[in-house]
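*Asks:* I have a structure here, written as structure tokens, and I will follow up with some questions on it.
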Protein chains: 2
Amino acid sequence: MPYSKNAPTLDDVAKQAGVSTATVSRCLNNPDRVVEKTRKKVMQAVKTLGYTPNFAARVMAAKRTSTIGAIIPTMENAIFARGLQAFQEELHRKGYTLLVASSAYRPDIEEEEIRALVSRGADGLLLIGHDRKPEIYDYLEQQGVPTLCAWSYMPDERLPSVGFDNRASMKAIAQVALDQGHTKLAMISAIQKGNDRAQQRIKGVQDAARESGLNSDDVIIIETTYEVDSGARALKQLMSNGEPPTAVLCGNDVIAVGAVRAAKELGLNVPRDVSITGFDDMELARIVEPELTTVHVPHLDMGRKAAQELVAMVERKSKGISICLETNVVARQSLGPQKR
Amino acid sequence: MPYSKNAPTLDDVAKQAGVSTATVSRCLNNPDRVVEKTRKKVMQAVKTLGYTPNFAARVMAAKRTSTIGAIIPTMENAIFARGLQAFQEELHRKGYTLLVASSAYRPDIEEEEIRALVSRGADGLLLIGHDRKPEIYDYLEQQGVPTLCAWSYMPDERLPSVGFDNRASMKAIAQVALDQGHTKLAMISAIQKGNDRAQQRIKGVQDAARESGLNSDDVIIIETTYEVDSGARALKQLMSNGEPPTAVLCGNDVIAVGAVRAAKELGLNVPRDVSITGFDDMELARIVEPELTTVHVPHLDMGRKAAQELVAMVERKSKGISICLETNVVARQSLGPQKR
DNA sequence: ACCCCAAATGTAAGCGCTTACAATTTCAAA
DNA sequence: TTTGAAATTGTAAGCGCTTACATTTGGGGT
């Protein structure tokens with residue numbers, strides 16, 4: 001009779017081994033607080049019974065889950081994969097388990113998932129960026145769940161963050177384009193709503209443009225979703241304009257890949273006819289042809305540092321500090337000088 | 001005083017609303033079993049207190065989690081992302097939550113994660129492929145956790161599966177290569193150990209080769225990991241051989257992308273100098289240049305069907321049936337005729 | 001031998017929720 | 001009105017585990 005749901009419990013093990021439940025529990029959690037002989041007996045019983053502890057029961061009794069929750073905007077592309085992987089590995093090293101959820105860039109879904117994760121007893125939470133309803137922060141505080149933001153560095157916000165300066169990073173790559181002589185810029189940004197990274201990156205481009213003496217007509221902003229096809233569509237829209245830009249700065253590599261494809265489809269050579277840049281330096285950036293000039297983000301370092309800081313917060317060893325990581329522009333082939 | 005961990009409980013809500021805990025519980029789980037007036041009172045209390053149910057306690061009392069666990073070999077690339085996304089969406093529709101873990105293609109880690117997921121009370125499990133220690137199946141049966149395998153269709157195995165015929169699919173694309181006149185084949189496969197998909201795909205190539213009258217020296221197999229760089233390395237190794245293959249069939253698109261890059265680095269034109277094919281038809285396949293000729297796998301359909309079947313098993317409406325989906329070869333530019 | 005203290009083990013009280021069952025209320029029909 | 005079945009609400013028993021506290025055990029030191 002398969003699937004009969006009658007898994008053995010701690011009591012069964014205790015009975016089988018002829019000891020008390022407390023001893024079994026100690027064998028499993030504090031083996032050194034139990035004498036060798038007993039421990040062997042117990043472990044044997046565990047094995048023969050095929051016992052697996054009931055997580056929910058353990059959580060109820062111990063009131064911690066050793067679980068950290070993370071909510072990322074998307075799993076569809078690899079933007080967050082690398083950083084999250086490093087985050088996870090560091091957590092594992094420290095004895096924590098990671099639970100991941102994705103919000104599809106939708107604030108309402110994110111809120112739902114925050115509640116779900118808290119409900120599941122996450123000892124701490126990692127969120128991406130800072131831009132969300134203040135009630136959420138109230139809730140988190142009231143529930144007593146330490147929370148850290150990543151992928152952004154905004155030390156004046158309510159929660160601590162481990163990330164990088166999106167505005168300065170984007171300004172830097174825009175600066176490179178400007179230095180190449182481009183005077184008519186476009187930016188294909190992610191949707192700004194609820195996405196402070198996107199907001200900051202746009203500001204970065206505008207900063208650079210302003211400092212180079214361009215006026216606001218010379219940099220056209222277009223918002224779209226983080227998908228290859230959206231990037232392609234956006235580029236075509238830009239190029240069909242009366243006076244198309246000569247350099248298109250994309251909010252991330254995925255969009256840039258789409259833009260490159262669209263350019264090719266239009267018979268345009270990148271970067272001769274139009275320059276295109278990315279952001280993130282994901283693996284994709286070196287797969288597309290030409291390889292993407294982009295902003296390198298230290299994903300691994302960010303993931304690792306975020307894990308360290310969040311665990312410190314969970315274990316009450318830190319009240320939460322913000323950490324800013326360095327990015328740098330990596331020059332490859334998709335950005336060239338403006339032809340004259 | 002932040003992080004004081006004093007979240008309100010059901011009792012608090014009951015007190016606040018002036019009803020019993022049972023009524024509050026019913027309001028939350030069976031709203032229609034409670035009269036309008038009471039319900040309003042309770043919901044108000046829930047809101048003012050900012051109450052979030054304690055998942056562990058609920059699980060303990062109700063003995064189900066409405067949670068499904070899935071363990072995939074990797075999250076690093078998008079191989080499983082699309083299918084899992086569809087799986088998740090269908091589960092959500094049916095009122096279940098998905099918990100994902102990744103095993104890094106390591107059987108020992110997979111086993112650990114199976115136990116972790118069972119321990120967390122997963123009502124059902126999704127695994128990739130069939131090749132694992134029989135004790136695991138004993139354990140799953142003893143714990144009473146319905147389990148389904150995906151990405152493979154092997155109806156004679158112990159667990160039901162929702163997937164496709166890896167052997168026949170690979171044979172089909174090999175056949176296409178053979179039809180183009182190629183007589184010296186290579187396959188860059190994933191590591192076979194614990195990976196029945198890889199095993200079957202190799203067999204598929206061999207089937208096709210045999211039927212075309214090639215002998216086993218004419219198809220050289222090389223095993224590597226599912227990474228771009230491994231694919232690149234493998235291709236270089238193949239081409240440095242005395243008599244290099246004219247068509248390289250890759251175990252998946254990620255490897256193929258690496259192979260294409262390596263070919264370019266060697267100054268080889270794809271497909272003129274060497275043909276390269278992929279498997280999976282992920283987005284990547286259309287980003288690389290030349291676009292990959294590959295095997296299209298119906299990921300969305302597979303994910304959706306797997307969710308439906310697994311939920312049926314969990315709800316005891318099915319004992320678990322196997323479903324085979326169709327794949328097809330999509331011809332793009334990376335496979336060309338053998339030059340003579 | 002005996003005493004005493006530390007180490008090992010046992011006892012039992014919850015953790016916050018669901019749900020069977022009991023008690024109470026409601027309301028339509030007589 | 002009265003009555004009783006149906007609808008609503010309350011009572012309280014666990015679910016399987018951890019852990020504070022109580023009890024027992026095992027040995028050195030004398």
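Residue numbering restarts at 1 for every chain of the structure tokens, chains are lettered A, B, ... in their displayed order, and ligands are numbered from 1 as they appear.
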Compile the residues of chain C that lie within 10 Å of chain B, evaluated using only C-alpha atoms (C1' of nucleotides), and express the compilation as a count of residues only.
*Replies:* 5
*Asks:* If you count only C-alpha atoms (C1' of nucleotides), which residues fall within 12 Å of range 5-13 of chain C, apart from same-chain ones fewer than 3 positions away, as an MDAnalysis selection string?
*Replies:* (chainID A and resid 14 18:27 32:39 61) or (chainID D and resid 18:29)
*Asks:* Please produce a file of the residues just selected, as a short mmCIF file (atom, residue, chain, number, x, y, z; two decimals), in the first residue's frame, where the atoms kept are C-alpha atoms (C1' of nucleotides).
*Replies:*
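Final file, part.cif:
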```
data_model
loop_
_atom_site.label_atom_id
_atom_site.label_comp_id
_atom_site.auth_asym_id
_atom_site.auth_seq_id
_atom_site.Cartn_x
_atom_site.Cartn_y
_atom_site.Cartn_z
CA ALA A 14 12.99 6.55 21.47
CA GLY A 18 14.88 2.21 24.76
CA VAL A 19 15.62 5.80 25.75
CA SER A 20 13.62 8.99 26.25
CA THR A 21 12.66 11.40 23.52
CA ALA A 22 14.94 14.01 25.00
CA THR A 23 17.91 11.76 24.50
CA VAL A 24 17.03 11.11 20.90
CA SER A 25 16.61 14.80 20.31
CA ARG A 26 19.99 15.46 21.86
CA CYS A 27 21.61 12.76 19.76
CA ASP A 32 28.32 15.48 22.32
CA ARG A 33 25.86 15.82 25.15
CA VAL A 34 25.15 12.10 24.92
CA VAL A 35 27.45 9.25 25.81
CA GLU A 36 28.89 7.18 22.98
CA LYS A 37 27.06 3.96 23.78
CA THR A 38 23.63 5.56 23.89
CA ARG A 39 24.30 7.54 20.78
CA ALA A 61 9.52 23.81 19.44
"C1'" DT D 18 12.90 21.05 22.02
"C1'" DT D 19 14.41 22.24 26.43
"C1'" DA D 20 14.18 23.80 31.39
"C1'" DC D 21 14.34 21.33 35.22
"C1'" DA D 22 14.42 17.09 37.97
"C1'" DT D 23 16.39 12.76 38.63
"C1'" DT D 24 19.68 9.20 38.25
"C1'" DT D 25 24.31 7.47 37.39
"C1'" DG D 26 29.22 7.11 37.62
"C1'" DG D 27 33.38 7.67 39.50
"C1'" DG D 28 37.46 10.31 41.74
"C1'" DG D 29 38.96 11.81 46.26
#
```
*Asks:* Where does chain B meet chain A within 8 Å, residue by residue, with the nearest atom pair and distance in Å to one decimal for each, counting only C-alpha atoms, listed by chain and rising number, as a Markdown table?
*Replies:*
```
| residue | atom | partner | partner_atom | distance |
| --- | --- | --- | --- | --- |
| B:Pro2 | CA | A:Glu141 | CA | 6.0 |
| B:Tyr3 | CA | A:Gly144 | CA | 3.6 |
| B:Ser4 | CA | A:Gly144 | CA | 5.2 |
| B:Lys5 | CA | A:Gly144 | CA | 4.5 |
| B:Asn6 | CA | A:Gln143 | CA | 6.6 |
| B:Ala7 | CA | A:Gln143 | CA | 5.1 |
| B:Gly50 | CA | A:Tyr139 | CA | 7.1 |
| B:Thr52 | CA | A:Ser119 | CA | 6.1 |
| B:Pro53 | CA | A:Ser119 | CA | 6.0 |
| B:Asn54 | CA | A:Ser119 | CA | 5.2 |
| B:Phe55 | CA | A:Arg120 | CA | 5.0 |
| B:Ala56 | CA | A:Ala56 | CA | 4.5 |
| B:Ala57 | CA | A:Met60 | CA | 6.4 |
| B:Val59 | CA | A:Ala56 | CA | 6.5 |
| B:Met60 | CA | A:Ala56 | CA | 6.2 |
| B:Met75 | CA | A:Ala81 | CA | 7.2 |
| B:Glu76 | CA | A:Ala81 | CA | 6.3 |
| B:Asn77 | CA | A:Ala78 | CA | 7.0 |
| B:Ala78 | CA | A:Asn77 | CA | 7.0 |
| B:Ala81 | CA | A:Glu76 | CA | 6.3 |
| B:Arg82 | CA | A:Glu76 | CA | 7.1 |
| B:Gln85 | CA | A:Glu76 | CA | 7.9 |
| B:Leu99 | CA | A:Leu99 | CA | 7.3 |
| B:Val100 | CA | A:Val100 | CA | 7.6 |
| B:Arg115 | CA | A:Thr52 | CA | 7.3 |
| B:Val118 | CA | A:Thr52 | CA | 7.9 |
| B:Ser119 | CA | A:Asn54 | CA | 5.2 |
| B:Arg120 | CA | A:Phe55 | CA | 5.0 |
| B:Gly121 | CA | A:Phe55 | CA | 7.1 |
| B:Tyr139 | CA | A:Gly50 | CA | 7.2 |
| B:Glu141 | CA | A:Pro2 | CA | 6.0 |
| B:Gln142 | CA | A:Ala7 | CA | 6.9 |
| B:Gln143 | CA | A:Ala7 | CA | 5.1 |
| B:Gly144 | CA | A:Tyr3 | CA | 3.6 |
| B:Val145 | CA | A:Tyr3 | CA | 6.0 |
| B:Pro146 | CA | A:Tyr3 | CA | 6.5 |
| B:Val257 | CA | A:Ile287 | CA | 7.5 |
| B:Arg261 | CA | A:Ile287 | CA | 7.6 |
| B:Ile287 | CA | A:Val288 | CA | 6.2 |
| B:Val288 | CA | A:Val288 | CA | 5.7 |
| B:Glu289 | CA | A:Glu289 | CA | 7.0 |
```
*Asks:* Considering only C-alpha atoms (C1' of nucleotides), tabulate each residue of chain D that lies at most 10 Å from chain B along with its nearest interatomic pair and the corresponding distance in Å to one decimal; arrange the rows by chain and ascending residue number and present them as a tab-separated table.
*Replies:*
```
residue	atom	partner	partner_atom	distance
D:DA7	C1'	B:Arg33	CA	8.7
D:DT8	C1'	B:Val34	CA	6.8
D:DT9	C1'	B:Thr23	CA	6.8
D:DG10	C1'	B:Ser20	CA	6.2
D:DT11	C1'	B:Ser20	CA	9.0
D:DG14	C1'	B:Ala61	CA	8.1
D:DC15	C1'	B:Met60	CA	4.8
D:DG16	C1'	B:Met60	CA	7.7
```
*Asks:* Output as a list of chain:residue names all residues of range 136-211 of chain B that backbone DSSP marks as strand (DSSP E or B).
*Replies:*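 Residues of range 136-211 of chain B classed as strand (DSSP E or B): B:Thr147, B:Leu148, B:Cys149, B:Ala150, B:Ser161, B:Val162, B:Gly163, B:Phe164, B:Leu185, B:Ala186, B:Met187, B:Ile188, B:Ser189, B:Ala190.
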*Asks:* If you measure from CA of His92 in chain A to CA of Ala70 in chain A, what distance in Å do you get, rounded to one decimal?
*Replies:* 14.0 Å
*Asks:* Tell me, in Å to one decimal, how far CA of Ile202 in chain A is from CA of Arg167 in chain A.
*Replies:*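 Calculated distance between CA of Ile202 in chain A and CA of Arg167 in chain A is 7.3 Å.
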*Asks:* Looking only at alpha helix (DSSP H) from DSSP on the backbone, list the matching residues of range 143-304 of chain B as a PDB file with N, CA and C atoms, in the first residue's frame.
*Replies:*
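Listing of result-v2.pdb after writing:
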```
ATOM      1  N   GLN B 143       7.974   6.947   3.313  1.00  0.00           N
ATOM      2  CA  GLN B 143       7.531   8.229   3.840  1.00  0.00           C
ATOM      3  C   GLN B 143       6.178   8.634   3.252  1.00  0.00           C
ATOM      4  N   ASN B 166      14.371  10.804 -24.831  1.00  0.00           N
ATOM      5  CA  ASN B 166      15.675  11.405 -25.103  1.00  0.00           C
ATOM      6  C   ASN B 166      16.432  10.661 -26.194  1.00  0.00           C
ATOM      7  N   ARG B 167      16.303   9.354 -26.170  1.00  0.00           N
ATOM      8  CA  ARG B 167      17.031   8.534 -27.129  1.00  0.00           C
ATOM      9  C   ARG B 167      16.549   8.802 -28.555  1.00  0.00           C
ATOM     10  N   ALA B 168      15.237   8.746 -28.721  1.00  0.00           N
ATOM     11  CA  ALA B 168      14.681   8.953 -30.055  1.00  0.00           C
ATOM     12  C   ALA B 168      14.923  10.382 -30.538  1.00  0.00           C
ATOM     13  N   SER B 169      14.853  11.346 -29.613  1.00  0.00           N
ATOM     14  CA  SER B 169      15.038  12.744 -29.992  1.00  0.00           C
ATOM     15  C   SER B 169      16.449  12.976 -30.508  1.00  0.00           C
ATOM     16  N   MET B 170      17.402  12.419 -29.798  1.00  0.00           N
ATOM     17  CA  MET B 170      18.790  12.606 -30.196  1.00  0.00           C
ATOM     18  C   MET B 170      19.064  11.855 -31.488  1.00  0.00           C
ATOM     19  N   LYS B 171      18.436  10.701 -31.594  1.00  0.00           N
ATOM     20  CA  LYS B 171      18.603   9.925 -32.824  1.00  0.00           C
ATOM     21  C   LYS B 171      18.106  10.751 -34.023  1.00  0.00           C
ATOM     22  N   ALA B 172      17.020  11.448 -33.802  1.00  0.00           N
ATOM     23  CA  ALA B 172      16.431  12.220 -34.897  1.00  0.00           C
ATOM     24  C   ALA B 172      17.374  13.298 -35.400  1.00  0.00           C
ATOM     25  N   ILE B 173      18.009  14.020 -34.471  1.00  0.00           N
ATOM     26  CA  ILE B 173      18.881  15.104 -34.935  1.00  0.00           C
ATOM     27  C   ILE B 173      20.167  14.531 -35.535  1.00  0.00           C
ATOM     28  N   ALA B 174      20.602  13.412 -34.990  1.00  0.00           N
ATOM     29  CA  ALA B 174      21.781  12.752 -35.565  1.00  0.00           C
ATOM     30  C   ALA B 174      21.460  12.320 -36.991  1.00  0.00           C
ATOM     31  N   GLN B 175      20.260  11.852 -37.165  1.00  0.00           N
ATOM     32  CA  GLN B 175      19.804  11.420 -38.482  1.00  0.00           C
ATOM     33  C   GLN B 175      19.874  12.563 -39.481  1.00  0.00           C
ATOM     34  N   VAL B 176      19.459  13.734 -39.022  1.00  0.00           N
ATOM     35  CA  VAL B 176      19.512  14.905 -39.901  1.00  0.00           C
ATOM     36  C   VAL B 176      20.958  15.181 -40.329  1.00  0.00           C
ATOM     37  N   ALA B 177      21.864  15.083 -39.363  1.00  0.00           N
ATOM     38  CA  ALA B 177      23.279  15.306 -39.677  1.00  0.00           C
ATOM     39  C   ALA B 177      23.759  14.266 -40.686  1.00  0.00           C
ATOM     40  N   LEU B 178      23.387  13.042 -40.444  1.00  0.00           N
ATOM     41  CA  LEU B 178      23.786  11.959 -41.348  1.00  0.00           C
ATOM     42  C   LEU B 178      23.234  12.186 -42.756  1.00  0.00           C
ATOM     43  N   ASP B 179      22.008  12.637 -42.788  1.00  0.00           N
ATOM     44  CA  ASP B 179      21.376  12.901 -44.081  1.00  0.00           C
ATOM     45  C   ASP B 179      22.113  13.991 -44.848  1.00  0.00           C
ATOM     46  N   ASP B 196      20.295   9.833 -16.766  1.00  0.00           N
ATOM     47  CA  ASP B 196      19.758   8.958 -17.810  1.00  0.00           C
ATOM     48  C   ASP B 196      19.496   9.705 -19.109  1.00  0.00           C
ATOM     49  N   ARG B 197      19.253  11.012 -19.010  1.00  0.00           N
ATOM     50  CA  ARG B 197      19.053  11.774 -20.237  1.00  0.00           C
ATOM     51  C   ARG B 197      20.324  11.709 -21.085  1.00  0.00           C
ATOM     52  N   ALA B 198      21.460  11.940 -20.441  1.00  0.00           N
ATOM     53  CA  ALA B 198      22.729  11.875 -21.162  1.00  0.00           C
ATOM     54  C   ALA B 198      22.951  10.474 -21.729  1.00  0.00           C
ATOM     55  N   GLN B 199      22.687   9.481 -20.919  1.00  0.00           N
ATOM     56  CA  GLN B 199      22.887   8.101 -21.376  1.00  0.00           C
ATOM     57  C   GLN B 199      22.043   7.810 -22.620  1.00  0.00           C
ATOM     58  N   GLN B 200      20.784   8.199 -22.532  1.00  0.00           N
ATOM     59  CA  GLN B 200      19.867   7.926 -23.623  1.00  0.00           C
ATOM     60  C   GLN B 200      20.255   8.695 -24.886  1.00  0.00           C
ATOM     61  N   ARG B 201      20.709   9.904 -24.694  1.00  0.00           N
ATOM     62  CA  ARG B 201      21.052  10.714 -25.869  1.00  0.00           C
ATOM     63  C   ARG B 201      22.249  10.114 -26.593  1.00  0.00           C
ATOM     64  N   ILE B 202      23.186   9.621 -25.828  1.00  0.00           N
ATOM     65  CA  ILE B 202      24.330   8.961 -26.458  1.00  0.00           C
ATOM     66  C   ILE B 202      23.849   7.748 -27.253  1.00  0.00           C
ATOM     67  N   LYS B 203      22.989   6.979 -26.630  1.00  0.00           N
ATOM     68  CA  LYS B 203      22.467   5.800 -27.323  1.00  0.00           C
ATOM     69  C   LYS B 203      21.765   6.210 -28.613  1.00  0.00           C
ATOM     70  N   GLY B 204      21.072   7.330 -28.546  1.00  0.00           N
ATOM     71  CA  GLY B 204      20.358   7.798 -29.727  1.00  0.00           C
ATOM     72  C   GLY B 204      21.310   8.059 -30.889  1.00  0.00           C
ATOM     73  N   VAL B 205      22.417   8.724 -30.591  1.00  0.00           N
ATOM     74  CA  VAL B 205      23.401   8.997 -31.635  1.00  0.00           C
ATOM     75  C   VAL B 205      23.941   7.686 -32.194  1.00  0.00           C
ATOM     76  N   GLN B 206      24.215   6.780 -31.298  1.00  0.00           N
ATOM     77  CA  GLN B 206      24.765   5.496 -31.739  1.00  0.00           C
ATOM     78  C   GLN B 206      23.762   4.717 -32.588  1.00  0.00           C
ATOM     79  N   ASP B 207      22.499   4.792 -32.194  1.00  0.00           N
ATOM     80  CA  ASP B 207      21.454   4.147 -32.994  1.00  0.00           C
ATOM     81  C   ASP B 207      21.496   4.646 -34.434  1.00  0.00           C
ATOM     82  N   ALA B 208      21.498   5.965 -34.552  1.00  0.00           N
ATOM     83  CA  ALA B 208      21.452   6.573 -35.878  1.00  0.00           C
ATOM     84  C   ALA B 208      22.687   6.191 -36.677  1.00  0.00           C
ATOM     85  N   ALA B 209      23.833   6.255 -36.024  1.00  0.00           N
ATOM     86  CA  ALA B 209      25.090   5.941 -36.705  1.00  0.00           C
ATOM     87  C   ALA B 209      25.063   4.501 -37.204  1.00  0.00           C
ATOM     88  N   ARG B 210      24.645   3.612 -36.334  1.00  0.00           N
ATOM     89  CA  ARG B 210      24.607   2.197 -36.699  1.00  0.00           C
ATOM     90  C   ARG B 210      23.700   1.988 -37.912  1.00  0.00           C
ATOM     91  N   GLU B 211      22.540   2.576 -37.862  1.00  0.00           N
ATOM     92  CA  GLU B 211      21.584   2.383 -38.947  1.00  0.00           C
ATOM     93  C   GLU B 211      22.078   2.963 -40.261  1.00  0.00           C
ATOM     94  N   VAL B 228      29.340  26.451 -20.658  1.00  0.00           N
ATOM     95  CA  VAL B 228      29.828  27.007 -21.916  1.00  0.00           C
ATOM     96  C   VAL B 228      31.307  26.674 -22.103  1.00  0.00           C
ATOM     97  N   ASP B 229      32.093  26.937 -21.080  1.00  0.00           N
ATOM     98  CA  ASP B 229      33.531  26.736 -21.208  1.00  0.00           C
ATOM     99  C   ASP B 229      33.901  25.271 -21.433  1.00  0.00           C
ATOM    100  N   SER B 230      33.158  24.370 -20.796  1.00  0.00           N
ATOM    101  CA  SER B 230      33.452  22.950 -21.010  1.00  0.00           C
ATOM    102  C   SER B 230      33.185  22.585 -22.452  1.00  0.00           C
ATOM    103  N   GLY B 231      32.119  23.130 -22.985  1.00  0.00           N
ATOM    104  CA  GLY B 231      31.788  22.850 -24.371  1.00  0.00           C
ATOM    105  C   GLY B 231      32.912  23.334 -25.282  1.00  0.00           C
ATOM    106  N   ALA B 232      33.419  24.517 -24.964  1.00  0.00           N
ATOM    107  CA  ALA B 232      34.501  25.091 -25.755  1.00  0.00           C
ATOM    108  C   ALA B 232      35.737  24.199 -25.690  1.00  0.00           C
ATOM    109  N   ARG B 233      36.065  23.814 -24.483  1.00  0.00           N
ATOM    110  CA  ARG B 233      37.243  22.976 -24.283  1.00  0.00           C
ATOM    111  C   ARG B 233      37.095  21.654 -25.053  1.00  0.00           C
ATOM    112  N   ALA B 234      35.917  21.068 -24.941  1.00  0.00           N
ATOM    113  CA  ALA B 234      35.687  19.776 -25.593  1.00  0.00           C
ATOM    114  C   ALA B 234      35.848  19.897 -27.100  1.00  0.00           C
ATOM    115  N   LEU B 235      35.322  20.975 -27.653  1.00  0.00           N
ATOM    116  CA  LEU B 235      35.427  21.106 -29.101  1.00  0.00           C
ATOM    117  C   LEU B 235      36.883  21.219 -29.548  1.00  0.00           C
ATOM    118  N   LYS B 236      37.645  22.007 -28.793  1.00  0.00           N
ATOM    119  CA  LYS B 236      39.053  22.166 -29.164  1.00  0.00           C
ATOM    120  C   LYS B 236      39.771  20.824 -29.116  1.00  0.00           C
ATOM    121  N   GLN B 237      39.430  20.068 -28.096  1.00  0.00           N
ATOM    122  CA  GLN B 237      40.029  18.743 -27.967  1.00  0.00           C
ATOM    123  C   GLN B 237      39.677  17.880 -29.189  1.00  0.00           C
ATOM    124  N   LEU B 238      38.424  17.944 -29.574  1.00  0.00           N
ATOM    125  CA  LEU B 238      37.978  17.147 -30.720  1.00  0.00           C
ATOM    126  C   LEU B 238      38.695  17.544 -32.002  1.00  0.00           C
ATOM    127  N   MET B 239      38.834  18.832 -32.204  1.00  0.00           N
ATOM    128  CA  MET B 239      39.383  19.313 -33.462  1.00  0.00           C
ATOM    129  C   MET B 239      40.891  19.111 -33.557  1.00  0.00           C
ATOM    130  N   ASP B 253      22.179  22.865 -25.507  1.00  0.00           N
ATOM    131  CA  ASP B 253      22.487  24.130 -26.156  1.00  0.00           C
ATOM    132  C   ASP B 253      23.649  24.871 -25.504  1.00  0.00           C
ATOM    133  N   VAL B 254      23.760  24.747 -24.207  1.00  0.00           N
ATOM    134  CA  VAL B 254      24.821  25.463 -23.506  1.00  0.00           C
ATOM    135  C   VAL B 254      26.184  24.980 -23.990  1.00  0.00           C
ATOM    136  N   ILE B 255      26.328  23.675 -24.054  1.00  0.00           N
ATOM    137  CA  ILE B 255      27.569  23.112 -24.570  1.00  0.00           C
ATOM    138  C   ILE B 255      27.789  23.550 -26.015  1.00  0.00           C
ATOM    139  N   ALA B 256      26.720  23.535 -26.778  1.00  0.00           N
ATOM    140  CA  ALA B 256      26.831  23.894 -28.191  1.00  0.00           C
ATOM    141  C   ALA B 256      27.318  25.333 -28.356  1.00  0.00           C
ATOM    142  N   VAL B 257      26.827  26.208 -27.504  1.00  0.00           N
ATOM    143  CA  VAL B 257      27.264  27.599 -27.564  1.00  0.00           C
ATOM    144  C   VAL B 257      28.766  27.687 -27.317  1.00  0.00           C
ATOM    145  N   GLY B 258      29.230  26.934 -26.347  1.00  0.00           N
ATOM    146  CA  GLY B 258      30.663  26.906 -26.076  1.00  0.00           C
ATOM    147  C   GLY B 258      31.430  26.365 -27.267  1.00  0.00           C
ATOM    148  N   ALA B 259      30.890  25.331 -27.868  1.00  0.00           N
ATOM    149  CA  ALA B 259      31.548  24.715 -29.022  1.00  0.00           C
ATOM    150  C   ALA B 259      31.636  25.706 -30.179  1.00  0.00           C
ATOM    151  N   VAL B 260      30.557  26.425 -30.383  1.00  0.00           N
ATOM    152  CA  VAL B 260      30.556  27.409 -31.461  1.00  0.00           C
ATOM    153  C   VAL B 260      31.633  28.466 -31.209  1.00  0.00           C
ATOM    154  N   ARG B 261      31.685  28.915 -29.980  1.00  0.00           N
ATOM    155  CA  ARG B 261      32.690  29.936 -29.678  1.00  0.00           C
ATOM    156  C   ARG B 261      34.104  29.403 -29.938  1.00  0.00           C
ATOM    157  N   ALA B 262      34.334  28.176 -29.474  1.00  0.00           N
ATOM    158  CA  ALA B 262      35.654  27.581 -29.655  1.00  0.00           C
ATOM    159  C   ALA B 262      35.992  27.444 -31.134  1.00  0.00           C
ATOM    160  N   ALA B 263      34.986  27.036 -31.904  1.00  0.00           N
ATOM    161  CA  ALA B 263      35.222  26.883 -33.343  1.00  0.00           C
ATOM    162  C   ALA B 263      35.665  28.209 -33.937  1.00  0.00           C
ATOM    163  N   LYS B 264      34.970  29.262 -33.566  1.00  0.00           N
ATOM    164  CA  LYS B 264      35.346  30.589 -34.061  1.00  0.00           C
ATOM    165  C   LYS B 264      36.774  30.927 -33.652  1.00  0.00           C
ATOM    166  N   GLU B 265      37.089  30.626 -32.412  1.00  0.00           N
ATOM    167  CA  GLU B 265      38.431  30.938 -31.917  1.00  0.00           C
ATOM    168  C   GLU B 265      39.496  30.186 -32.705  1.00  0.00           C
ATOM    169  N   HIS B 299       9.040  22.463 -23.237  1.00  0.00           N
ATOM    170  CA  HIS B 299       9.227  22.678 -21.807  1.00  0.00           C
ATOM    171  C   HIS B 299       7.962  23.107 -21.078  1.00  0.00           C
ATOM    172  N   LEU B 300       7.255  24.063 -21.700  1.00  0.00           N
ATOM    173  CA  LEU B 300       6.059  24.577 -21.030  1.00  0.00           C
ATOM    174  C   LEU B 300       5.030  23.483 -20.828  1.00  0.00           C
ATOM    175  N   ASP B 301       4.812  22.738 -21.882  1.00  0.00           N
ATOM    176  CA  ASP B 301       3.826  21.676 -21.826  1.00  0.00           C
ATOM    177  C   ASP B 301       4.243  20.631 -20.792  1.00  0.00           C
ATOM    178  N   MET B 302       5.521  20.336 -20.783  1.00  0.00           N
ATOM    179  CA  MET B 302       6.026  19.337 -19.851  1.00  0.00           C
ATOM    180  C   MET B 302       5.818  19.804 -18.405  1.00  0.00           C
ATOM    181  N   GLY B 303       6.162  21.041 -18.153  1.00  0.00           N
ATOM    182  CA  GLY B 303       5.996  21.571 -16.801  1.00  0.00           C
ATOM    183  C   GLY B 303       4.543  21.528 -16.365  1.00  0.00           C
ATOM    184  N   ARG B 304       3.688  21.945 -17.258  1.00  0.00           N
ATOM    185  CA  ARG B 304       2.268  22.010 -16.924  1.00  0.00           C
ATOM    186  C   ARG B 304       1.708  20.612 -16.661  1.00  0.00           C
TER     187      ARG B 304
END
```
*Asks:* Please compute the CA of Lys41 in chain B-CA of Lys15 in chain B distance, one decimal, in Å.
*Replies:*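 Separating CA of Lys41 in chain B from CA of Lys15 in chain B is a distance of 11.2 Å.
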*Asks:* If we count only C-alpha atoms (C1' of nucleotides), what is near Asp280 in chain B at a cut-off of 10 Å, once residues fewer than 2 positions away on the same chain are taken out, given as a list in words?
*Replies:*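 Everything that qualifies: Ile79, Phe80, Gly251, Asn252, Asp253, Val254, Gly278, Met282, Glu283, Leu284, Ala285, Thr294, Val295, His296, Val297, Pro298, His299, Thr327, Asn328 and Val329 of chain B.
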